[in-house]
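Content type compact mmCIF, C-alpha atoms and all ligand atoms, from the file coords.txt:
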```
# COMPACT_ATOMS: atom_id res chain seq x y z
CA MET A 1 82.26 134.54 91.21
CA THR A 2 81.57 130.93 92.16
CA PHE A 3 83.73 129.08 94.66
CA THR A 4 83.41 125.37 95.23
CA LEU A 5 84.80 123.39 98.13
CA ASP A 6 84.69 119.59 98.10
CA ILE A 7 85.62 117.97 101.40
CA PRO A 8 84.69 114.67 103.10
CA GLN A 9 81.23 114.70 104.68
CA ARG A 10 82.76 114.13 108.08
CA CYS A 11 86.31 114.67 109.30
CA ILE A 12 87.31 113.45 112.76
CA ILE A 13 90.63 114.92 113.84
CA ALA A 14 92.15 113.88 117.16
CA GLY A 15 94.73 111.70 118.81
CA GLY A 16 92.86 108.41 119.22
CA ALA A 17 90.22 109.30 116.58
CA ARG A 18 90.52 105.76 115.20
CA GLN A 19 88.49 104.60 118.21
CA GLN A 20 85.48 106.22 116.52
CA LEU A 21 85.77 104.00 113.46
CA ALA A 22 83.10 101.58 114.68
CA ASN A 23 80.56 104.36 115.25
CA GLU A 24 81.15 105.67 111.76
CA ALA A 25 80.88 102.19 110.24
CA LYS A 26 77.64 101.66 112.12
CA ARG A 27 76.15 104.90 110.79
CA LEU A 28 76.95 103.60 107.31
CA VAL A 29 75.13 100.36 108.23
CA TRP A 30 78.19 98.24 107.52
CA GLN A 31 78.43 94.70 108.82
CA ARG A 32 81.48 93.45 106.92
CA PRO A 33 83.76 96.21 105.63
CA LEU A 34 86.97 95.51 103.75
CA ILE A 35 90.09 97.23 105.10
CA VAL A 36 92.38 98.04 102.16
CA THR A 37 95.98 98.33 103.30
CA ASP A 38 99.58 97.27 102.66
CA PRO A 39 101.58 94.30 104.01
CA PHE A 40 103.36 96.51 106.57
CA HIS A 41 100.16 97.61 108.30
CA ASN A 42 98.86 94.06 108.17
CA ASP A 43 102.01 92.35 109.45
CA THR A 44 102.64 94.82 112.30
CA GLY A 45 99.16 94.34 113.78
CA LYS A 46 97.97 97.86 112.98
CA ALA A 47 95.14 96.57 110.79
CA GLN A 48 94.25 94.08 113.52
CA GLU A 49 93.70 96.98 115.92
CA LEU A 50 91.05 98.36 113.54
CA ILE A 51 89.46 94.91 113.28
CA ASP A 52 89.27 94.78 117.09
CA ILE A 53 87.75 98.27 117.31
CA LEU A 54 85.08 97.28 114.77
CA ALA A 55 84.43 93.96 116.52
CA GLN A 56 83.38 95.85 119.66
CA GLN A 57 80.26 96.86 117.72
CA ASN A 58 79.87 93.40 116.17
CA ILE A 59 81.25 94.53 112.83
CA ASP A 60 83.20 91.75 111.17
CA ALA A 61 85.95 93.38 109.06
CA ARG A 62 88.13 91.67 106.45
CA VAL A 63 91.54 92.79 105.18
CA TYR A 64 93.00 93.17 101.70
CA SER A 65 96.72 93.84 102.24
CA GLY A 66 98.03 93.62 98.68
CA VAL A 67 98.87 97.29 98.12
CA ILE A 68 102.61 97.26 97.46
CA ASN A 69 104.38 100.52 96.57
CA GLU A 70 102.29 102.48 94.08
CA PRO A 71 98.76 101.26 93.43
CA THR A 72 97.98 99.51 90.15
CA THR A 73 94.83 98.44 88.33
CA GLN A 74 95.73 94.86 89.30
CA MET A 75 95.60 95.70 93.02
CA VAL A 76 92.29 97.52 92.58
CA ASP A 77 90.85 94.50 90.74
CA ALA A 78 92.12 92.10 93.41
CA ALA A 79 90.55 94.19 96.19
CA ILE A 80 87.20 94.27 94.35
CA ALA A 81 87.35 90.49 93.82
CA GLN A 82 87.93 89.95 97.53
CA TYR A 83 85.15 92.42 98.38
CA ASN A 84 82.72 90.42 96.26
CA ASP A 85 83.97 86.97 97.34
CA GLN A 86 83.61 87.83 101.01
CA SER A 87 80.29 89.66 100.59
CA CYS A 88 81.70 92.88 102.01
CA ASP A 89 79.58 96.00 102.32
CA GLY A 90 82.00 98.85 103.07
CA ILE A 91 85.49 100.12 102.23
CA ILE A 92 88.13 101.43 104.62
CA GLY A 93 91.44 102.78 103.28
CA PHE A 94 94.25 102.49 105.84
CA GLY A 95 97.91 103.52 105.47
CA GLY A 96 99.81 106.00 103.32
CA GLY A 97 98.62 107.50 100.05
CA SER A 98 98.76 104.22 98.12
CA PRO A 99 96.24 102.18 100.17
CA LEU A 100 94.01 105.26 100.41
CA ASP A 101 94.04 105.78 96.63
CA THR A 102 93.32 102.07 96.11
CA ALA A 103 90.35 102.17 98.51
CA LYS A 104 88.97 105.38 96.95
CA THR A 105 89.16 103.77 93.51
CA VAL A 106 87.45 100.57 94.67
CA ALA A 107 84.64 102.68 96.14
CA VAL A 108 84.09 104.43 92.80
CA LEU A 109 84.17 101.18 90.79
CA LEU A 110 81.59 99.57 93.09
CA LYS A 111 79.04 102.09 91.81
CA ASN A 112 80.32 102.85 88.30
CA PRO A 113 81.07 100.32 85.57
CA GLY A 114 84.81 100.21 84.84
CA PRO A 115 87.44 99.85 83.71
CA ILE A 116 89.19 102.59 85.66
CA GLN A 117 90.79 103.83 82.43
CA ARG A 118 87.39 105.41 81.66
CA PHE A 119 87.84 107.81 84.57
CA MET A 120 91.30 109.11 83.68
CA GLY A 121 91.32 112.89 83.59
CA LEU A 122 88.94 115.41 85.09
CA HIS A 123 85.31 114.86 86.13
CA LYS A 124 84.68 111.64 84.23
CA VAL A 125 82.67 109.70 86.85
CA ALA A 126 78.90 109.61 86.35
CA ARG A 127 77.69 108.53 89.79
CA ALA A 128 78.77 108.98 93.40
CA GLY A 129 81.07 106.23 94.66
CA ALA A 130 80.29 103.89 97.54
CA PRO A 131 81.10 105.50 100.90
CA CYS A 132 84.72 105.05 101.94
CA ILE A 133 86.38 105.76 105.28
CA ALA A 134 89.98 106.95 104.92
CA ILE A 135 92.48 106.63 107.77
CA PRO A 136 95.97 107.96 106.98
CA THR A 137 99.03 106.79 108.91
CA THR A 138 101.46 109.36 107.49
CA ALA A 139 101.33 113.16 107.52
CA GLY A 140 101.84 113.72 103.82
CA THR A 141 99.66 113.08 100.83
CA GLY A 142 96.40 114.34 102.30
CA ALA A 143 94.68 111.59 100.29
CA GLU A 144 92.03 111.32 103.01
CA ALA A 145 90.85 114.78 101.98
CA THR A 146 91.28 114.77 98.22
CA LYS A 147 89.16 113.92 95.19
CA VAL A 148 92.11 112.68 93.18
CA VAL A 149 93.76 109.25 92.79
CA VAL A 150 96.79 108.08 90.82
CA ILE A 151 96.58 104.47 89.66
CA THR A 152 99.15 102.80 87.39
CA ASP A 153 97.81 100.74 84.50
CA ALA A 154 99.38 97.33 85.18
CA LEU A 155 99.52 96.52 81.46
CA THR A 156 100.84 99.76 79.96
CA ASP A 157 102.62 101.24 83.01
CA VAL A 158 100.80 104.54 82.39
CA LYS A 159 100.14 106.51 85.57
CA MET A 160 96.49 107.50 85.40
CA MET A 161 95.43 110.62 87.26
CA CYS A 162 91.69 110.59 87.93
CA LEU A 163 90.01 113.59 89.53
CA ASP A 164 86.35 113.64 90.39
CA ARG A 165 84.45 114.37 93.58
CA ALA A 166 83.23 110.76 93.46
CA PHE A 167 86.72 109.83 94.73
CA LEU A 168 86.31 111.88 97.90
CA PRO A 169 86.08 109.69 101.02
CA ALA A 170 82.83 109.98 102.97
CA VAL A 171 84.73 110.06 106.27
CA ALA A 172 88.32 111.07 107.07
CA ILE A 173 89.70 109.86 110.40
CA VAL A 174 92.86 111.87 111.09
CA ASP A 175 94.65 110.38 114.08
CA TYR A 176 98.24 111.51 114.63
CA GLU A 177 98.93 108.60 116.98
CA LEU A 178 99.08 106.39 113.87
CA SER A 179 102.01 108.44 112.52
CA ILE A 180 104.27 108.26 115.57
CA THR A 181 106.15 105.20 114.31
CA SER A 182 106.90 106.77 110.89
CA PRO A 183 110.70 106.69 110.43
CA PRO A 184 112.48 110.09 110.17
CA ALA A 185 113.31 109.93 106.45
CA LEU A 186 109.67 109.15 105.59
CA THR A 187 108.43 111.85 107.98
CA ALA A 188 110.67 114.40 106.23
CA ALA A 189 109.77 113.40 102.67
CA VAL A 190 106.01 113.19 103.12
CA GLY A 191 106.11 116.31 105.31
CA VAL A 192 107.79 118.35 102.57
CA ASP A 193 105.18 116.99 100.15
CA ALA A 194 102.47 118.35 102.46
CA LEU A 195 104.26 121.71 102.76
CA THR A 196 104.48 121.84 98.96
CA HIS A 197 100.73 121.15 98.70
CA ALA A 198 100.05 124.03 101.10
CA ILE A 199 102.33 126.54 99.35
CA GLU A 200 101.20 125.58 95.85
CA ALA A 201 97.51 125.70 96.82
CA TYR A 202 98.05 129.23 98.18
CA VAL A 203 99.88 130.62 95.15
CA SER A 204 97.77 128.70 92.60
CA ARG A 205 95.77 130.61 90.00
CA LYS A 206 92.81 128.46 91.07
CA ALA A 207 92.98 129.46 94.74
CA ASN A 208 89.90 130.91 96.40
CA PRO A 209 89.39 132.64 99.77
CA TYR A 210 88.45 129.35 101.44
CA THR A 211 91.44 127.39 100.20
CA ASP A 212 93.62 130.42 101.04
CA ALA A 213 92.69 130.33 104.71
CA ILE A 214 93.22 126.60 104.97
CA ALA A 215 96.47 126.61 102.96
CA LEU A 216 98.11 129.33 105.05
CA GLN A 217 97.19 127.58 108.27
CA ALA A 218 98.66 124.37 106.86
CA CYS A 219 101.92 126.16 105.91
CA GLN A 220 102.34 127.39 109.45
CA LEU A 221 101.51 124.10 111.16
CA ILE A 222 103.81 122.03 108.95
CA TYR A 223 106.78 124.41 108.81
CA ASN A 224 106.81 124.93 112.58
CA ALA A 225 106.55 121.21 113.39
CA ILE A 226 108.47 119.34 110.71
CA ARG A 227 111.98 119.61 112.20
CA THR A 228 110.75 118.44 115.61
CA ALA A 229 108.76 115.56 114.08
CA TYR A 230 111.91 114.55 112.17
CA HIS A 231 114.41 114.81 115.02
CA THR A 232 112.08 113.79 117.89
CA PRO A 233 109.63 111.26 116.46
CA ASN A 234 107.79 110.77 119.77
CA ASN A 235 106.90 114.45 120.15
CA THR A 236 103.11 114.28 120.12
CA ASP A 237 102.56 118.03 119.63
CA ALA A 238 104.70 117.99 116.48
CA ARG A 239 103.05 114.81 115.18
CA SER A 240 99.60 116.28 115.81
CA ALA A 241 100.50 119.52 114.01
CA MET A 242 101.97 117.61 111.06
CA MET A 243 98.92 115.37 110.70
CA GLN A 244 96.52 118.32 110.86
CA GLY A 245 98.68 120.37 108.51
CA ALA A 246 98.89 117.56 105.96
CA PHE A 247 95.11 117.09 106.10
CA MET A 248 94.48 120.82 105.67
CA ALA A 249 96.98 120.96 102.80
CA GLY A 250 95.05 118.08 101.19
CA VAL A 251 91.78 120.00 101.48
CA ALA A 252 93.46 123.10 100.03
CA PHE A 253 95.15 121.55 97.00
CA SER A 254 92.23 119.26 96.20
CA ASN A 255 90.21 122.43 95.64
CA ALA A 256 92.88 124.85 94.40
CA SER A 257 95.24 122.50 92.50
CA VAL A 258 98.99 122.14 92.66
CA CYS A 259 101.36 124.02 90.36
CA LEU A 260 104.82 123.90 88.82
CA VAL A 261 106.61 121.99 91.60
CA HIS A 262 104.24 119.03 91.27
CA GLY A 263 104.22 119.30 87.49
CA MET A 264 108.03 118.97 87.39
CA SER A 265 108.25 116.54 90.31
CA ARG A 266 106.19 113.71 88.81
CA PRO A 267 108.53 113.18 85.81
CA ILE A 268 111.54 112.96 88.17
CA GLY A 269 109.69 110.22 90.04
CA ALA A 270 108.77 108.42 86.82
CA CYS A 271 112.29 108.59 85.29
CA PHE A 272 114.48 108.02 88.33
CA HIS A 273 112.17 106.42 90.95
CA VAL A 274 112.67 109.27 93.37
CA PRO A 275 110.03 109.25 96.15
CA HIS A 276 107.42 111.94 95.52
CA GLY A 277 108.15 114.09 98.57
CA LEU A 278 111.87 114.03 97.90
CA SER A 279 111.50 115.11 94.27
CA ASN A 280 109.30 117.98 95.47
CA ALA A 281 112.03 118.96 97.94
CA MET A 282 114.62 118.97 95.14
CA LEU A 283 112.52 121.53 93.25
CA LEU A 284 110.71 123.65 95.84
CA PRO A 285 113.41 126.27 96.67
CA ALA A 286 114.38 126.94 93.02
CA ILE A 287 110.80 127.05 91.73
CA THR A 288 109.78 129.35 94.56
CA ARG A 289 112.62 131.72 93.58
CA PHE A 290 111.56 131.51 89.93
CA SER A 291 107.90 132.24 90.74
CA LEU A 292 108.30 135.07 93.28
CA GLU A 293 108.12 137.96 90.80
CA ALA A 294 104.69 136.93 89.53
CA ALA A 295 102.96 136.90 92.91
CA PRO A 296 105.07 138.80 95.47
CA GLN A 297 102.12 139.48 97.78
CA ARG A 298 101.14 135.82 97.85
CA TYR A 299 104.68 134.70 98.67
CA LEU A 300 104.97 137.50 101.23
CA ALA A 301 101.92 136.10 103.04
CA VAL A 302 103.51 132.63 103.06
CA ALA A 303 106.85 134.06 104.28
CA GLN A 304 105.19 136.05 107.03
CA ILE A 305 103.18 133.13 108.38
CA LEU A 306 106.42 131.13 108.49
CA GLY A 307 108.02 133.95 110.53
CA LEU A 308 110.34 135.16 107.76
CA LYS A 309 111.24 138.80 107.02
CA ASP A 310 109.89 138.95 103.47
CA GLU A 311 109.23 136.84 100.38
CA GLN A 312 112.86 137.11 99.25
CA ALA A 313 113.84 135.09 102.32
CA LEU A 314 111.51 132.21 101.41
CA PRO A 315 113.62 130.25 98.88
CA ASP A 316 116.65 130.23 101.22
CA ALA A 317 114.47 129.16 104.16
CA LEU A 318 113.12 126.24 102.10
CA GLN A 319 116.68 125.29 101.10
CA THR A 320 117.77 125.40 104.75
CA LEU A 321 114.81 123.19 105.63
CA ASN A 322 116.01 120.62 103.08
CA THR A 323 119.48 120.69 104.64
CA ASP A 324 118.11 120.37 108.18
CA LEU A 325 116.01 117.36 107.11
CA ASN A 326 118.97 115.74 105.31
CA MET A 327 117.02 115.66 102.06
CA GLN A 328 119.02 114.22 99.19
CA THR A 329 119.82 116.10 96.00
CA PRO A 330 119.58 114.39 92.58
CA ALA A 331 123.34 113.66 92.77
CA THR A 332 123.38 112.33 96.34
CA PHE A 333 120.29 110.24 95.52
CA GLY A 334 122.54 108.56 92.94
CA ILE A 335 121.28 110.00 89.66
CA ASP A 336 124.08 110.25 87.14
CA ALA A 337 124.57 113.79 85.77
CA LYS A 338 124.65 112.58 82.17
CA GLN A 339 121.45 110.59 82.54
CA TRP A 340 119.76 113.59 84.15
CA GLN A 341 120.76 115.75 81.18
CA GLN A 342 119.55 113.15 78.69
CA ARG A 343 116.10 112.95 80.28
CA ILE A 344 115.48 116.68 80.72
CA ALA A 345 113.72 117.24 77.38
CA LYS A 346 111.30 114.39 78.01
CA MET A 347 110.74 115.43 81.63
CA ALA A 348 109.97 119.00 80.54
CA GLN A 349 107.50 117.73 77.96
CA ASP A 350 105.76 115.50 80.51
CA ALA A 351 105.69 118.29 83.10
CA LEU A 352 103.90 120.63 80.69
CA ALA A 353 101.51 117.90 79.55
CA SER A 354 100.35 117.30 83.13
CA GLY A 355 98.58 120.67 83.17
CA SER A 356 99.78 121.58 86.68
CA PRO A 357 102.38 124.15 85.50
CA ALA A 358 99.55 126.25 84.02
CA ASN A 359 98.28 126.92 87.57
CA ASN A 360 101.60 128.45 88.64
CA PRO A 361 101.67 132.21 89.26
CA ARG A 362 104.55 132.49 86.76
CA VAL A 363 103.76 130.18 83.87
CA ALA A 364 107.02 128.64 82.66
CA THR A 365 107.90 127.94 79.04
CA ALA A 366 109.45 124.63 78.00
CA ALA A 367 112.83 126.40 77.85
CA GLN A 368 112.43 127.74 81.38
CA ILE A 369 111.41 124.32 82.69
CA THR A 370 114.51 122.88 81.02
CA GLU A 371 116.66 125.52 82.72
CA LEU A 372 115.07 124.79 86.09
CA TYR A 373 115.80 121.06 85.72
CA GLN A 374 119.42 121.90 84.86
CA HIS A 375 119.68 124.30 87.78
CA VAL A 376 118.42 121.87 90.45
CA TYR A 377 120.91 119.13 89.61
CA SER A 378 123.60 119.17 92.26
FE FE B 1 102.17 115.79 96.41
```
Hey, can you dump this file as C-alpha cells for me?
Ligand SMILES: [Fe+2]
Amino acid sequence: MTFTLDIPQRCIIAGGARQQLANEAKRLVWQRPLIVTDPFHNDTGKAQELIDILAQQNIDARVYSGVINEPTTQMVDAAIAQYNDQSCDGIIGFGGGSPLDTAKTVAVLLKNPGPIQRFMGLHKVARAGAPCIAIPTTAGTGAEATKVVVITDALTDVKMMCLDRAFLPAVAIVDYELSITSPPALTAAVGVDALTHAIEAYVSRKANPYTDAIALQACQLIYNAIRTAYHTPNNTDARSAMMQGAFMAGVAFSNASVCLVHGMSRPIGACFHVPHGLSNAMLLPAITRFSLEAAPQRYLAVAQILGLKDEQALPDALQTLNTDLNMQTPATFGIDAKQWQQRIAKMAQDALASGSPANNPRVATAAQITELYQHVYS
C-alpha cells in the first residue's frame, strides 16, 4: 500500500503569523513580490499592511488587485502581465479562495508554458511552479493547503479544474486574526464548506490513515467553533479553531478528495449562482443520510468526535447546524421550484461527470442523484 501526502513545504499557523511574511520572502530571495488579491483587501488597507511588513526587510512589494468574484483566465493573464512589467520575482496570494487560486495558477504558468487550458484535469503540469506564499483571510476553502485550482475560461465560461502538486503553495501562512472581520453570513457559508471538506475527506474511498487523522481533527475543531464564530465574530478562540480546522480540512481533501456533496454542489452553483458553501449546506444533511449505510463505522467516528450518540444522529445534527447558522434553502435563496426541476437532469449529468461522486462511500446512480436533488428542494 502506498500513501502520498502533498502539503506546503512550510505552514506557519498562529495569530499574527502574517508578521513572518518578510522572513519567508527573504528565504525565497525575493526583492519585489507581487501580492495577488481582490479590490476589498486592497481598498481596506489589508494588502498595505503586508506591503509594510515586507518593507521592514527592504522588500518592495507590488499589488495586483483585479481578482473579482471567481477567478478567470483573463485575471491570471493580467496578473502575469503586471508581474513581468514590474519585474517581480515572487507571488503572494492574499484573500479568500479566488485570489489564492489566481496566485497559485500564476506561479505554475511562470514555469510552464501555457495556456492554462493545457493543465485542466489531473496531473498535467510538467514542472514545479514558482514558489508561492498563500495567506488566507477566510476559514473555508483551504486553498492555502491544496493542489487544486478552479479557473473559469473567460472566452467559453467553462470552469476548469486543474489538480497537480505544482499548484501547491510553497508556504501557507494561516493567521486567524485576518478572519476576524469576516461577516457572519460569509463565516457560516465558508465554514460549512470547510466542514464538508473534512467529512468528505474522512468518508472518501481515497482516504488514508494520514488524511483520516487530520480530517477528524478538522471536523471537531470546525463543528465546535462554527456557531460561536458566527454569533460572536470577535471570539478569538473560535476564529483560531475555524482557521486551523479549515486549513486541516484543506490538507485532508487535497489528498483524499471530496465526494458526492461537492459533486452535486458545483452544478447548483453553476446553474443558480449559489455560493459554494451554501450549496454544500443545502446538500450535506441529505447526502449524509443517503451515504450512512455504506460506511456506518466511518460516519460513527465522525458522529462521536462531534459529541453525538451515533451515526444516525449525524444528518439531523447537520440540519440543525444549518438552521442555527440561518443557512438558506434553495427556495429561500430565491430559486423557483419549476426552474429547479427543469435543471435537475443537467445538474445530475454534470455532477456525475465531475468524478467526485465516485469517491463517495455509497456511489449514487443518476436516478439517485436526481432523487436527492428533488429531495433537497424546500
Ligand atoms: Fe469546497
Enumerate as a count of residues only the residues within 10 Å of ligand FE 1 (chain B), counting all atoms listed in the file. 29
For each of A:Val376, A:Leu122, A:Ala303, A:Ala238, take the minimum atom-to-atom distance to Ile226 of chain A, counting all atoms listed in the file, then give the residue where this is smallest.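 Of all the options, A:Ala238 lies closest to Ile226 of chain A.
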Can you write out as a Markdown table which residues of segment 75-186 of chain A fall within 8 Å of segment 61-65 of chain A, alongside each residue's closest atom pair and its distance in Å to one decimal, counting only C-alpha atoms and ordering rows by chain and ascending residue number?
```
| residue | atom | partner | partner_atom | distance |
| --- | --- | --- | --- | --- |
| A:Ala79 | CA | A:Tyr64 | CA | 6.1 |
| A:Gln82 | CA | A:Tyr64 | CA | 7.3 |
| A:Cys88 | CA | A:Arg62 | CA | 7.9 |
```
Grab the atom CA of Cys11 of chain A to atom CA of Asp175 of chain A distance for me, in Å with one decimal place.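 Separating atom CA of Cys11 of chain A from atom CA of Asp175 of chain A is a distance of 10.5 Å.
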Distance criterion (all atoms listed in the file): nearest to Asp157 of chain A out of A:Ser378, A:Ser291, A:Thr370, A:Gln74: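 Closest to Asp157 of chain A, using all atoms listed in the file: A:Gln74.
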Name the residues in contact with Phe119 of chain A at a cut-off of 8 Å, using only C-alpha atoms, excluding same-chain residues fewer than 6 positions from it; report them as a VMD selection string. chain A and resid 125 162 to 163
So, counting all atoms listed in the file, which residue among A:Met120, A:Ala367, A:Ala139, A:Ile91 is closest to Val29 of chain A?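 Looking at the shortest contact to Val29 of chain A, the residue is A:Ile91.
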Quick one, how far is atom CA of Asn322 of chain A from atom CA of Ala286 of chain A?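 Atom CA of Asn322 of chain A sits 12.0 Å away from atom CA of Ala286 of chain A.
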Could you state the separation of atom CA of Ala128 of chain A and atom CA of Thr105 of chain A in Å, given to one decimal place? 11.6 Å
Between A:Leu321, A:Leu186, A:Ala270, A:Thr181, which one has atoms that come closest to Ala225 of chain A, using only C-alpha atoms?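 Ranking A:Leu321, A:Leu186, A:Ala270, A:Thr181 by distance to Ala225 of chain A, first place goes to A:Leu321.
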Contacts of segment 56-60 of chain A at 10 Å (all atoms listed in the file; same-chain gap of 6+ positions) as a list in words: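 Everything that qualifies: Leu21, Ala22, Asn23, Ala25, Lys26, Val29, Trp30, Gln31, Arg32, Pro33, Leu34 and Cys88 of chain A.
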Nearest candidate to Pro169 of chain A (options A:Ala126, A:Val251, A:Ile7, A:Ala189; using only C-alpha atoms):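 Nearest candidate to Pro169 of chain A out of A:Ala126, A:Val251, A:Ile7, A:Ala189: A:Ile7.
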Excluding Thr37 of chain A and residues on its chain fewer than 3 positions from it, collect all residues at most 10 Å away from it, counting only C-alpha atoms, and give them as a PDB file with C-alpha atoms, keeping the file's coordinate frame.
```
ATOM      1  CA  LEU A  34      86.970  95.510 103.750  1.00  0.00           C
ATOM      2  CA  PHE A  40     103.360  96.510 106.570  1.00  0.00           C
ATOM      3  CA  HIS A  41     100.160  97.610 108.300  1.00  0.00           C
ATOM      4  CA  ASN A  42      98.860  94.060 108.170  1.00  0.00           C
ATOM      5  CA  LYS A  46      97.970  97.860 112.980  1.00  0.00           C
ATOM      6  CA  ALA A  47      95.140  96.570 110.790  1.00  0.00           C
ATOM      7  CA  VAL A  63      91.540  92.790 105.180  1.00  0.00           C
ATOM      8  CA  TYR A  64      93.000  93.170 101.700  1.00  0.00           C
ATOM      9  CA  SER A  65      96.720  93.840 102.240  1.00  0.00           C
ATOM     10  CA  GLY A  66      98.030  93.620  98.680  1.00  0.00           C
ATOM     11  CA  VAL A  67      98.870  97.290  98.120  1.00  0.00           C
ATOM     12  CA  ILE A  68     102.610  97.260  97.460  1.00  0.00           C
ATOM     13  CA  ALA A  79      90.550  94.190  96.190  1.00  0.00           C
ATOM     14  CA  ILE A  92      88.130 101.430 104.620  1.00  0.00           C
ATOM     15  CA  GLY A  93      91.440 102.780 103.280  1.00  0.00           C
ATOM     16  CA  PHE A  94      94.250 102.490 105.840  1.00  0.00           C
ATOM     17  CA  GLY A  95      97.910 103.520 105.470  1.00  0.00           C
ATOM     18  CA  GLY A  96      99.810 106.000 103.320  1.00  0.00           C
ATOM     19  CA  SER A  98      98.760 104.220  98.120  1.00  0.00           C
ATOM     20  CA  PRO A  99      96.240 102.180 100.170  1.00  0.00           C
ATOM     21  CA  LEU A 100      94.010 105.260 100.410  1.00  0.00           C
ATOM     22  CA  THR A 102      93.320 102.070  96.110  1.00  0.00           C
ATOM     23  CA  ALA A 103      90.350 102.170  98.510  1.00  0.00           C
TER      24      ALA A 103
END
```
A:Ala366, A:Leu308, A:Leu168, A:Cys132: which is nearest Ala353 of chain A, counting only C-alpha atoms?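 The shortest atom-to-atom distance to Ala353 of chain A comes from A:Ala366.
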